[in-house]
Amino acid sequence: MFCQHLDKYGPSEKKIELHDTIRKFSVMATLKGDFFLCRKKSMEVKSYWLKDIDLSPAEKFTLCMSPVNEKCVKSRNMFLRYVETYMSGKVPGLHSSMRPRPAKSLGNLAELCTMHGQLELFLWLQTKLPSNVVEVIRAVTLKERTIEMINSGLYRSEHLSLNHDYIAKDLNVKKVWASENVDREELI
């Protein structure tokens, strides 16, 4: 529909980026501070990532709907690497480090969940910008193995180690906060 309007009314003389359009859309679609149509901030962030990539507005808008966790650097990198590789005419594929391993700690279990999200993203991108059936089959196989390992890890979660010391981290945060506040009190 967006492209139909562009065809009918013609593009603007002034180049308007998709992320600016989405920002303006969010202002118009807000009701009492709650956004009621979609996750606007996520779309705005993704459209900003795509601003320098040579795609039509319709393709960029479609990619803004992708299941990218914009707070996850690995997901963001996979998304951008896939789009840039696809646009360069090469075949996008999964990174060789995408090999699920059994969880030996709760941290490993969290990594498996992140990997599952990345595989979901890759498969979604393959439906929108298809390139290679072999990579799709590989991604589906890895996703199934990842799900099995996540379920196995959840089943054994009582026996998995926690490799993070929350008490030590909390003490460090308190020390940093105290030192920052002491410096401020000295200035006053």
# chains A, B, ... in the order shown; residues from 1 in each chain; ligands from 1

call {"tool": "residues_around", "arguments": {"residues": "A:Arg145", "least_positions_apart": "6", "cutoff": "10 Å", "atoms": "only C-alpha atoms", "output": "number ranges by chain"}}
result
A: 99-102, 116, 139, 151

call {"tool": "residues_around", "arguments": {"residues": "A:Asn77", "least_positions_apart": "5", "cutoff": "12 Å", "atoms": "only C-alpha atoms", "output": "short mmCIF file (atom, residue, chain, number, x, y, z; two decimals) with C-alpha atoms, in the first residue's frame"}}
result
data_model
loop_
_atom_site.label_atom_id
_atom_site.label_comp_id
_atom_site.auth_asym_id
_atom_site.auth_seq_id
_atom_site.Cartn_x
_atom_site.Cartn_y
_atom_site.Cartn_z
CA LYS A 46 15.81 -1.32 12.40
CA TRP A 49 20.17 0.42 10.53
CA VAL A 68 15.50 -8.97 15.55
CA ASN A 69 16.20 -8.35 19.19
CA GLU A 70 17.70 -4.90 18.73
CA LYS A 71 19.33 -5.07 22.16
CA CYS A 72 21.27 -8.21 21.17
CA TYR A 82 22.56 -11.13 5.95
CA VAL A 83 21.08 -8.05 4.24
CA GLU A 84 24.47 -6.70 3.12
CA THR A 85 25.57 -10.10 1.79
CA LEU A 94 25.12 -19.10 8.84
CA HIS A 95 28.37 -18.39 10.62
CA GLN A 118 19.30 -16.03 15.68
CA LEU A 121 15.81 -14.64 12.43
CA PHE A 122 17.86 -16.34 9.72
#

call {"tool": "atom_distance", "arguments": {"atom1": "atom CA of A:Ser157", "atom2": "atom CA of A:Leu119"}}
result
22.8 Å

call {"tool": "atom_distance", "arguments": {"atom1": "atom CA of A:Ser96", "atom2": "atom CA of A:Gly117"}}
result
16.3 Å

call {"tool": "residues_around", "arguments": {"residues": "A:Met87", "least_positions_apart": "2", "cutoff": "12 Å", "atoms": "only C-alpha atoms", "output": "CSV table (one decimal) with N, CA, C and O atoms, in the first residue's frame"}}
result
chain,number,residue,atom,x,y,z
A,50,LEU,N,19.0,0.3,8.4
A,50,LEU,CA,18.9,0.1,6.9
A,50,LEU,C,19.0,1.3,6.1
A,50,LEU,O,18.9,1.3,4.9
A,52,ASP,N,21.4,3.2,5.0
A,52,ASP,CA,22.4,3.3,3.9
A,52,ASP,C,22.4,2.2,3.0
A,52,ASP,O,23.3,2.1,2.1
A,53,ILE,N,21.5,1.2,3.1
A,53,ILE,CA,21.4,0.1,2.3
A,53,ILE,C,20.4,0.4,1.1
A,53,ILE,O,19.3,0.9,1.4
A,54,ASP,N,20.8,0.0,-0.1
A,54,ASP,CA,20.1,0.3,-1.3
A,54,ASP,C,18.9,-0.7,-1.4
A,54,ASP,O,19.0,-1.7,-2.1
A,55,LEU,N,17.8,-0.4,-0.8
A,55,LEU,CA,16.6,-1.2,-0.9
A,55,LEU,C,15.4,-0.3,-1.1
A,55,LEU,O,15.5,0.9,-0.8
A,56,SER,N,14.3,-0.8,-1.7
A,56,SER,CA,13.1,0.0,-1.9
A,56,SER,C,12.5,0.3,-0.5
A,56,SER,O,12.7,-0.5,0.4
A,59,GLU,N,10.7,-2.9,0.7
A,59,GLU,CA,11.6,-3.9,1.2
A,59,GLU,C,12.1,-3.5,2.6
A,59,GLU,O,12.2,-4.4,3.5
A,80,LEU,N,22.2,-7.5,9.8
A,80,LEU,CA,22.9,-6.6,8.9
A,80,LEU,C,23.8,-7.4,7.9
A,80,LEU,O,23.9,-7.1,6.8
A,81,ARG,N,24.5,-8.4,8.5
A,81,ARG,CA,25.4,-9.2,7.6
A,81,ARG,C,24.6,-9.9,6.5
A,81,ARG,O,25.0,-10.0,5.4
A,82,TYR,N,23.4,-10.4,6.9
A,82,TYR,CA,22.6,-11.1,5.9
A,82,TYR,C,22.1,-10.2,4.8
A,82,TYR,O,22.3,-10.5,3.7
A,83,VAL,N,21.6,-9.0,5.2
A,83,VAL,CA,21.1,-8.1,4.2
A,83,VAL,C,22.2,-7.6,3.3
A,83,VAL,O,22.1,-7.5,2.1
A,84,GLU,N,23.4,-7.2,3.9
A,84,GLU,CA,24.5,-6.7,3.1
A,84,GLU,C,25.0,-7.8,2.2
A,84,GLU,O,25.3,-7.5,1.0
A,85,THR,N,25.1,-9.0,2.6
A,85,THR,CA,25.6,-10.1,1.8
A,85,THR,C,24.6,-10.3,0.7
A,85,THR,O,25.0,-10.5,-0.5
A,89,GLY,N,24.9,-9.6,-3.8
A,89,GLY,CA,24.8,-10.7,-4.8
A,89,GLY,C,25.4,-12.0,-4.3
A,89,GLY,O,25.4,-13.0,-5.1
A,90,LYS,N,25.9,-12.1,-3.1
A,90,LYS,CA,26.5,-13.3,-2.6
A,90,LYS,C,25.4,-14.0,-1.8
A,90,LYS,O,24.3,-13.5,-1.6
A,91,VAL,N,25.7,-15.3,-1.5
A,91,VAL,CA,24.7,-16.1,-0.8
A,91,VAL,C,24.9,-16.0,0.7
A,91,VAL,O,26.0,-16.3,1.2
A,92,PRO,N,23.9,-15.5,1.4
A,92,PRO,CA,24.1,-15.3,2.9
A,92,PRO,C,24.0,-16.7,3.5
A,92,PRO,O,23.2,-17.6,3.1
A,129,LEU,N,14.0,-12.7,1.8
A,129,LEU,CA,15.1,-12.5,0.9
A,129,LEU,C,15.7,-13.9,0.6
A,129,LEU,O,16.8,-14.1,1.0
A,130,PRO,N,15.0,-14.7,-0.1
A,130,PRO,CA,15.5,-16.1,-0.3
A,130,PRO,C,16.7,-16.2,-1.1
A,130,PRO,O,16.9,-15.4,-2.0
A,131,SER,N,17.6,-17.1,-0.7
A,131,SER,CA,18.9,-17.2,-1.4
A,131,SER,C,19.3,-18.7,-1.7
A,131,SER,O,19.6,-19.0,-2.8

call {"tool": "closest_residue", "arguments": {"among": "A:Ser152, A:Leu162, A:Val73, A:Gly93", "to": "A:Leu125", "atoms": "only C-alpha atoms"}}
result
A:Gly93

call {"tool": "decode", "arguments": {"residues": "stretch 124-168 of chain A", "atoms": "N, CA and C atoms", "output": "compact mmCIF listing (two decimals), in the first residue's frame"}}
result
# COMPACT_ATOMS: atom_id res chain seq x y z
N TRP A 124 13.55 -16.46 9.04
CA TRP A 124 12.61 -15.40 8.64
C TRP A 124 13.18 -14.61 7.46
N LEU A 125 14.46 -14.26 7.56
CA LEU A 125 15.11 -13.52 6.47
C LEU A 125 15.12 -14.34 5.18
N GLN A 126 15.27 -15.65 5.30
CA GLN A 126 15.26 -16.51 4.12
C GLN A 126 13.89 -16.50 3.44
N THR A 127 12.83 -16.30 4.21
CA THR A 127 11.50 -16.24 3.57
C THR A 127 11.28 -14.91 2.86
N LYS A 128 11.91 -13.84 3.35
CA LYS A 128 11.73 -12.52 2.75
C LYS A 128 12.74 -12.22 1.66
N LEU A 129 13.98 -12.68 1.84
CA LEU A 129 15.05 -12.50 0.86
C LEU A 129 15.69 -13.87 0.59
N PRO A 130 14.96 -14.75 -0.11
CA PRO A 130 15.46 -16.13 -0.28
C PRO A 130 16.74 -16.19 -1.10
N SER A 131 17.61 -17.13 -0.70
CA SER A 131 18.87 -17.24 -1.44
C SER A 131 19.32 -18.68 -1.66
N ASN A 132 19.34 -19.52 -0.64
CA ASN A 132 19.95 -20.83 -0.78
C ASN A 132 19.19 -21.86 0.05
N VAL A 133 18.69 -22.88 -0.61
CA VAL A 133 17.91 -23.93 0.06
C VAL A 133 18.80 -24.74 1.01
N VAL A 134 20.05 -24.93 0.65
CA VAL A 134 20.97 -25.69 1.50
C VAL A 134 21.13 -25.01 2.85
N GLU A 135 21.26 -23.70 2.85
CA GLU A 135 21.39 -22.96 4.11
C GLU A 135 20.09 -23.04 4.93
N VAL A 136 18.95 -23.07 4.26
CA VAL A 136 17.68 -23.20 4.97
C VAL A 136 17.61 -24.56 5.67
N ILE A 137 17.98 -25.61 4.96
CA ILE A 137 17.97 -26.96 5.55
C ILE A 137 18.94 -27.03 6.72
N ARG A 138 20.11 -26.44 6.57
CA ARG A 138 21.09 -26.41 7.66
C ARG A 138 20.53 -25.65 8.86
N ALA A 139 19.88 -24.52 8.62
CA ALA A 139 19.32 -23.72 9.71
C ALA A 139 18.20 -24.47 10.42
N VAL A 140 17.35 -25.15 9.68
CA VAL A 140 16.26 -25.91 10.29
C VAL A 140 16.83 -27.03 11.16
N THR A 141 17.85 -27.73 10.64
CA THR A 141 18.49 -28.81 11.40
C THR A 141 19.12 -28.27 12.68
N LEU A 142 19.85 -27.15 12.56
CA LEU A 142 20.47 -26.55 13.75
C LEU A 142 19.42 -26.08 14.75
N LYS A 143 18.32 -25.55 14.25
CA LYS A 143 17.25 -25.08 15.13
C LYS A 143 16.65 -26.25 15.92
N GLU A 144 16.42 -27.37 15.23
CA GLU A 144 15.87 -28.55 15.91
C GLU A 144 16.84 -29.05 16.98
N ARG A 145 18.15 -29.11 16.65
CA ARG A 145 19.15 -29.55 17.64
C ARG A 145 19.22 -28.57 18.80
N THR A 146 19.12 -27.29 18.51
CA THR A 146 19.16 -26.28 19.56
C THR A 146 17.97 -26.43 20.50
N ILE A 147 16.79 -26.67 19.95
CA ILE A 147 15.59 -26.87 20.77
C ILE A 147 15.77 -28.10 21.66
N GLU A 148 16.30 -29.17 21.11
CA GLU A 148 16.54 -30.38 21.90
C GLU A 148 17.50 -30.09 23.05
N MET A 149 18.56 -29.34 22.76
CA MET A 149 19.55 -29.04 23.80
C MET A 149 18.99 -28.07 24.85
N ILE A 150 18.14 -27.15 24.44
CA ILE A 150 17.49 -26.26 25.40
C ILE A 150 16.59 -27.07 26.32
N ASN A 151 15.79 -27.95 25.75
CA ASN A 151 14.89 -28.79 26.56
C ASN A 151 15.68 -29.68 27.50
N SER A 152 16.77 -30.25 27.02
CA SER A 152 17.63 -31.08 27.87
C SER A 152 18.23 -30.24 28.99
N GLY A 153 18.69 -29.03 28.66
CA GLY A 153 19.26 -28.15 29.68
C GLY A 153 18.23 -27.73 30.72
N LEU A 154 17.00 -27.46 30.28
CA LEU A 154 15.94 -27.10 31.22
C LEU A 154 15.61 -28.27 32.14
N TYR A 155 15.64 -29.47 31.58
CA TYR A 155 15.36 -30.66 32.38
C TYR A 155 16.43 -30.85 33.46
N ARG A 156 17.68 -30.53 33.11
CA ARG A 156 18.80 -30.70 34.04
C ARG A 156 19.17 -29.38 34.74
N SER A 157 18.31 -28.39 34.70
CA SER A 157 18.67 -27.06 35.19
C SER A 157 19.07 -27.02 36.66
N GLU A 158 18.55 -27.94 37.45
CA GLU A 158 18.92 -27.96 38.87
C GLU A 158 20.38 -28.33 39.06
N HIS A 159 20.96 -29.01 38.08
CA HIS A 159 22.35 -29.48 38.18
C HIS A 159 23.32 -28.62 37.40
N LEU A 160 22.83 -27.59 36.72
CA LEU A 160 23.70 -26.71 35.96
C LEU A 160 24.32 -25.67 36.89
N SER A 161 25.57 -25.34 36.62
CA SER A 161 26.26 -24.38 37.47
C SER A 161 25.89 -22.95 37.05
N LEU A 162 26.05 -22.05 37.99
CA LEU A 162 25.84 -20.63 37.73
C LEU A 162 27.22 -19.98 37.78
N ASN A 163 27.72 -19.59 36.65
CA ASN A 163 29.08 -19.06 36.57
C ASN A 163 29.13 -17.55 36.76
N HIS A 164 28.21 -17.02 37.48
CA HIS A 164 28.18 -15.57 37.69
C HIS A 164 28.01 -15.31 39.18
N ASP A 165 28.84 -14.49 39.72
CA ASP A 165 28.78 -14.18 41.14
C ASP A 165 28.05 -12.84 41.31
N TYR A 166 26.77 -12.93 41.61
CA TYR A 166 25.95 -11.73 41.75
C TYR A 166 26.36 -10.89 42.95
N ILE A 167 26.84 -11.54 44.01
CA ILE A 167 27.22 -10.80 45.22
C ILE A 167 28.46 -9.95 44.94
N ALA A 168 29.47 -10.53 44.29
CA ALA A 168 30.68 -9.77 43.96
C ALA A 168 30.35 -8.63 43.01
